[in-house]
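For reference, structure23.pdb is printed below; it contains PDB, C-alpha atoms, pLDDT in the B column.
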```
ATOM      1  CA  MET A   1      -1.787  -6.482 -80.902  1.00 59.00           C
ATOM      2  CA  LYS A   2      -1.743  -8.125 -77.468  1.00 66.00           C
ATOM      3  CA  ALA A   3       1.812  -6.922 -76.793  1.00 62.00           C
ATOM      4  CA  THR A   4       0.785  -3.314 -77.472  1.00 63.00           C
ATOM      5  CA  LYS A   5      -2.095  -3.563 -74.984  1.00 59.00           C
ATOM      6  CA  ILE A   6       0.227  -5.008 -72.352  1.00 60.00           C
ATOM      7  CA  LYS A   7       2.747  -2.203 -72.891  1.00 56.00           C
ATOM      8  CA  ARG A   8       0.025   0.431 -72.567  1.00 61.00           C
ATOM      9  CA  ALA A   9      -1.316  -1.161 -69.404  1.00 49.00           C
ATOM     10  CA  LEU A  10       2.167  -1.275 -67.849  1.00 46.00           C
ATOM     11  CA  ALA A  11       2.775   2.351 -68.783  1.00 49.00           C
ATOM     12  CA  ALA A  12      -0.526   3.389 -67.190  1.00 47.00           C
ATOM     13  CA  ILE A  13       0.256   1.440 -64.009  1.00 56.00           C
ATOM     14  CA  SER A  14       3.690   3.054 -63.831  1.00 53.00           C
ATOM     15  CA  VAL A  15       2.231   6.558 -64.128  1.00 50.00           C
ATOM     16  CA  VAL A  16      -0.362   5.878 -61.436  1.00 49.00           C
ATOM     17  CA  ALA A  17       2.276   4.417 -59.103  1.00 49.00           C
ATOM     18  CA  ALA A  18       4.606   7.367 -59.643  1.00 49.00           C
ATOM     19  CA  ALA A  19       1.773   9.819 -58.993  1.00 49.00           C
ATOM     20  CA  GLY A  20       1.123   8.121 -55.661  1.00 51.00           C
ATOM     21  CA  ILE A  21       4.738   7.812 -54.539  1.00 49.00           C
ATOM     22  CA  VAL A  22       6.211  11.193 -55.543  1.00 42.00           C
ATOM     23  CA  PRO A  23       4.102  13.310 -53.130  1.00 46.00           C
ATOM     24  CA  LEU A  24       5.068  11.035 -50.240  1.00 41.00           C
ATOM     25  CA  VAL A  25       8.769  11.305 -51.001  1.00 42.00           C
ATOM     26  CA  THR A  26       8.761  15.074 -51.472  1.00 42.00           C
ATOM     27  CA  ALA A  27       6.552  15.847 -48.463  1.00 41.00           C
ATOM     28  CA  ALA A  28       8.861  14.307 -45.868  1.00 39.00           C
ATOM     29  CA  PRO A  29      11.764  16.772 -46.182  1.00 47.00           C
ATOM     30  CA  ALA A  30       9.457  19.783 -46.105  1.00 50.00           C
ATOM     31  CA  HIS A  31       7.786  18.619 -42.924  1.00 57.00           C
ATOM     32  CA  ALA A  32      11.110  17.884 -41.280  1.00 70.00           C
ATOM     33  CA  SER A  33      12.394  21.359 -42.145  1.00 90.00           C
ATOM     34  CA  GLN A  34       9.271  23.027 -40.802  1.00 94.00           C
ATOM     35  CA  ALA A  35       9.679  21.081 -37.567  1.00 95.00           C
ATOM     36  CA  ARG A  36      13.293  22.246 -37.250  1.00 96.00           C
ATOM     37  CA  CYS A  37      12.178  25.867 -37.602  1.00 97.00           C
ATOM     38  CA  VAL A  38       9.342  25.473 -35.080  1.00 97.00           C
ATOM     39  CA  ASN A  39      11.519  23.557 -32.601  1.00 97.00           C
ATOM     40  CA  TYR A  40      14.245  26.192 -32.777  1.00 97.00           C
ATOM     41  CA  LEU A  41      11.780  28.966 -31.958  1.00 98.00           C
ATOM     42  CA  GLY A  42      10.245  26.915 -29.154  1.00 97.00           C
ATOM     43  CA  ASN A  43      13.717  26.376 -27.681  1.00 97.00           C
ATOM     44  CA  GLN A  44      14.268  30.142 -27.799  1.00 97.00           C
ATOM     45  CA  GLY A  45      11.177  30.660 -25.615  1.00 97.00           C
ATOM     46  CA  TYR A  46       8.608  31.708 -28.214  1.00 97.00           C
ATOM     47  CA  VAL A  47       5.026  30.502 -27.990  1.00 96.00           C
ATOM     48  CA  ILE A  48       4.345  28.153 -30.889  1.00 97.00           C
ATOM     49  CA  GLY A  49       1.004  28.670 -32.574  1.00 96.00           C
ATOM     50  CA  PRO A  50      -0.534  28.634 -36.036  1.00 97.00           C
ATOM     51  CA  ARG A  51       1.221  31.829 -37.150  1.00 97.00           C
ATOM     52  CA  VAL A  52       4.646  30.406 -36.325  1.00 97.00           C
ATOM     53  CA  ARG A  53       3.815  27.135 -38.098  1.00 97.00           C
ATOM     54  CA  THR A  54       2.597  29.047 -41.156  1.00 97.00           C
ATOM     55  CA  ALA A  55       5.753  31.162 -41.271  1.00 97.00           C
ATOM     56  CA  CYS A  56       7.949  28.075 -40.921  1.00 97.00           C
ATOM     57  CA  SER A  57       6.093  26.396 -43.785  1.00 96.00           C
ATOM     58  CA  TYR A  58       7.911  28.692 -46.220  1.00 96.00           C
ATOM     59  CA  GLY A  59      11.049  26.689 -46.884  1.00 93.00           C
ATOM     60  CA  ALA A  60      14.522  28.116 -47.118  1.00 94.00           C
ATOM     61  CA  ILE A  61      15.928  28.859 -50.564  1.00 93.00           C
ATOM     62  CA  PHE A  62      18.778  26.530 -51.452  1.00 88.00           C
ATOM     63  CA  SER A  63      21.295  28.196 -53.742  1.00 84.00           C
ATOM     64  CA  PRO A  64      24.624  26.403 -53.362  1.00 85.00           C
ATOM     65  CA  PRO A  65      26.833  26.959 -51.520  1.00 87.00           C
ATOM     66  CA  ALA A  66      24.489  28.816 -49.121  1.00 86.00           C
ATOM     67  CA  THR A  67      20.957  28.543 -47.771  1.00 88.00           C
ATOM     68  CA  THR A  68      18.954  31.769 -47.794  1.00 92.00           C
ATOM     69  CA  PRO A  69      15.982  32.316 -45.468  1.00 95.00           C
ATOM     70  CA  ASN A  70      12.700  32.667 -47.336  1.00 96.00           C
ATOM     71  CA  PRO A  71      11.537  36.313 -47.210  1.00 97.00           C
ATOM     72  CA  ASN A  72       7.930  35.196 -46.566  1.00 97.00           C
ATOM     73  CA  CYS A  73       9.075  33.287 -43.502  1.00 97.00           C
ATOM     74  CA  LEU A  74      11.139  36.216 -42.220  1.00 97.00           C
ATOM     75  CA  LEU A  75       8.392  38.796 -42.649  1.00 97.00           C
ATOM     76  CA  ARG A  76       5.757  36.658 -40.962  1.00 98.00           C
ATOM     77  CA  LEU A  77       7.986  35.909 -37.978  1.00 98.00           C
ATOM     78  CA  ILE A  78       9.059  39.532 -37.570  1.00 97.00           C
ATOM     79  CA  GLU A  79       5.373  40.589 -37.725  1.00 97.00           C
ATOM     80  CA  ILE A  80       4.705  38.457 -34.647  1.00 97.00           C
ATOM     81  CA  ARG A  81       7.666  40.005 -32.819  1.00 97.00           C
ATOM     82  CA  VAL A  82      10.287  37.307 -33.248  1.00 97.00           C
ATOM     83  CA  SER A  83      13.697  38.960 -33.100  1.00 97.00           C
ATOM     84  CA  ASN A  84      15.469  39.435 -36.419  1.00 97.00           C
ATOM     85  CA  ALA A  85      18.360  37.163 -35.404  1.00 97.00           C
ATOM     86  CA  HIS A  86      16.037  34.346 -34.303  1.00 98.00           C
ATOM     87  CA  ALA A  87      13.886  34.742 -37.424  1.00 97.00           C
ATOM     88  CA  GLN A  88      16.979  34.505 -39.646  1.00 97.00           C
ATOM     89  CA  THR A  89      18.146  31.307 -37.962  1.00 96.00           C
ATOM     90  CA  ALA A  90      14.691  29.722 -37.841  1.00 97.00           C
ATOM     91  CA  CYS A  91      13.919  30.489 -41.490  1.00 97.00           C
ATOM     92  CA  SER A  92      17.298  29.115 -42.550  1.00 94.00           C
ATOM     93  CA  ARG A  93      16.272  25.830 -40.926  1.00 94.00           C
ATOM     94  CA  ALA A  94      12.850  25.790 -42.638  1.00 91.00           C
TER      95      ALA A  94
END
```

Could I get this structure in the form of structure tokens?
Amino acid sequence: MKATKIKRALAAISVVAAAGIVPLVTAAPAHASQARCVNYLGNQGYVIGPRVRTACSYGAIFSPPATTPNPNCLLRLIEIRVSNAHAQTACSRA
């Protein structure tokens, strides 16, 4: 009886710990990719504002062996007059 309660308590603690750790681990790469997109556009001379950050938040689509720019990212950047070539490169880095 006591062993069952201990097992349940350990299982509950494990689930709570995993729920707290997983978002931290998965958030870091997304932020780093968004920063790469934003930094690239800044280096190309574009003004960085909320619309650029929003566009860069749409991560690239990874389909080995290539990385495809996210269409949402491309459309949003082109809407704010980023050149097609720069949008392609920036969104590939997102």

Given the file above and the PyMOL selection byres ((chain A and resi 38) around 8), which residues are selected, and can you give them as a PDB file with C-alpha atoms, keeping the file's coordinate frame?
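selection.pdb, freshly written:
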```pdb
ATOM      1  CA  GLN A  34       9.271  23.027 -40.802  1.00 94.00           C
ATOM      2  CA  ALA A  35       9.679  21.081 -37.567  1.00 95.00           C
ATOM      3  CA  ARG A  36      13.293  22.246 -37.250  1.00 96.00           C
ATOM      4  CA  CYS A  37      12.178  25.867 -37.602  1.00 97.00           C
ATOM      5  CA  ASN A  39      11.519  23.557 -32.601  1.00 97.00           C
ATOM      6  CA  TYR A  40      14.245  26.192 -32.777  1.00 97.00           C
ATOM      7  CA  LEU A  41      11.780  28.966 -31.958  1.00 98.00           C
ATOM      8  CA  GLY A  42      10.245  26.915 -29.154  1.00 97.00           C
ATOM      9  CA  ILE A  48       4.345  28.153 -30.889  1.00 97.00           C
ATOM     10  CA  VAL A  52       4.646  30.406 -36.325  1.00 97.00           C
ATOM     11  CA  ARG A  53       3.815  27.135 -38.098  1.00 97.00           C
ATOM     12  CA  CYS A  56       7.949  28.075 -40.921  1.00 97.00           C
ATOM     13  CA  ALA A  90      14.691  29.722 -37.841  1.00 97.00           C
TER      14      ALA A  90
END
```

Please, what is the axis-aligned box for every listed atom of segment 53-69 of chain A with 6 Å on each side, as centre and edge lengths in Å to one decimal, as JSON?
```
{"center_x": 14.7, "center_y": 29.4, "center_z": -45.9, "size_x": 36.2, "size_y": 17.9, "size_z": 27.6}
```

Here atom CA of Pro65 of chain A and atom CA of Ser83 of chain A stand apart by 25.6 Å

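Using only C-alpha atoms for every distance, the candidate list A:Ser63, A:Cys73, A:Arg51, A:Tyr46 yields A:Cys73 as the residue closest to Ala94 of chain A.
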
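If you measure from each of A:Gly45, A:Pro50, A:Pro64, A:Pro69 to Thr89 of chain A using only C-alpha atoms, the closest one turns out to be A:Pro69.
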
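Our summary of the geometry notes that atom CA of Ala66 of chain A is positioned 26.0 Å from atom CA of Arg81 of chain A.
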
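Of the listed residues A:Ser33, A:Val82, A:Ala87, A:Leu74, the one whose atoms come nearest to Val47 of chain A is A:Val82, with distances taken using only C-alpha atoms.
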
Judged by all atoms listed in the file, the minimum distance to Thr67 of chain A among A:Asn43, A:Ala55, A:Ala32, A:Gln88 is found for A:Gln88
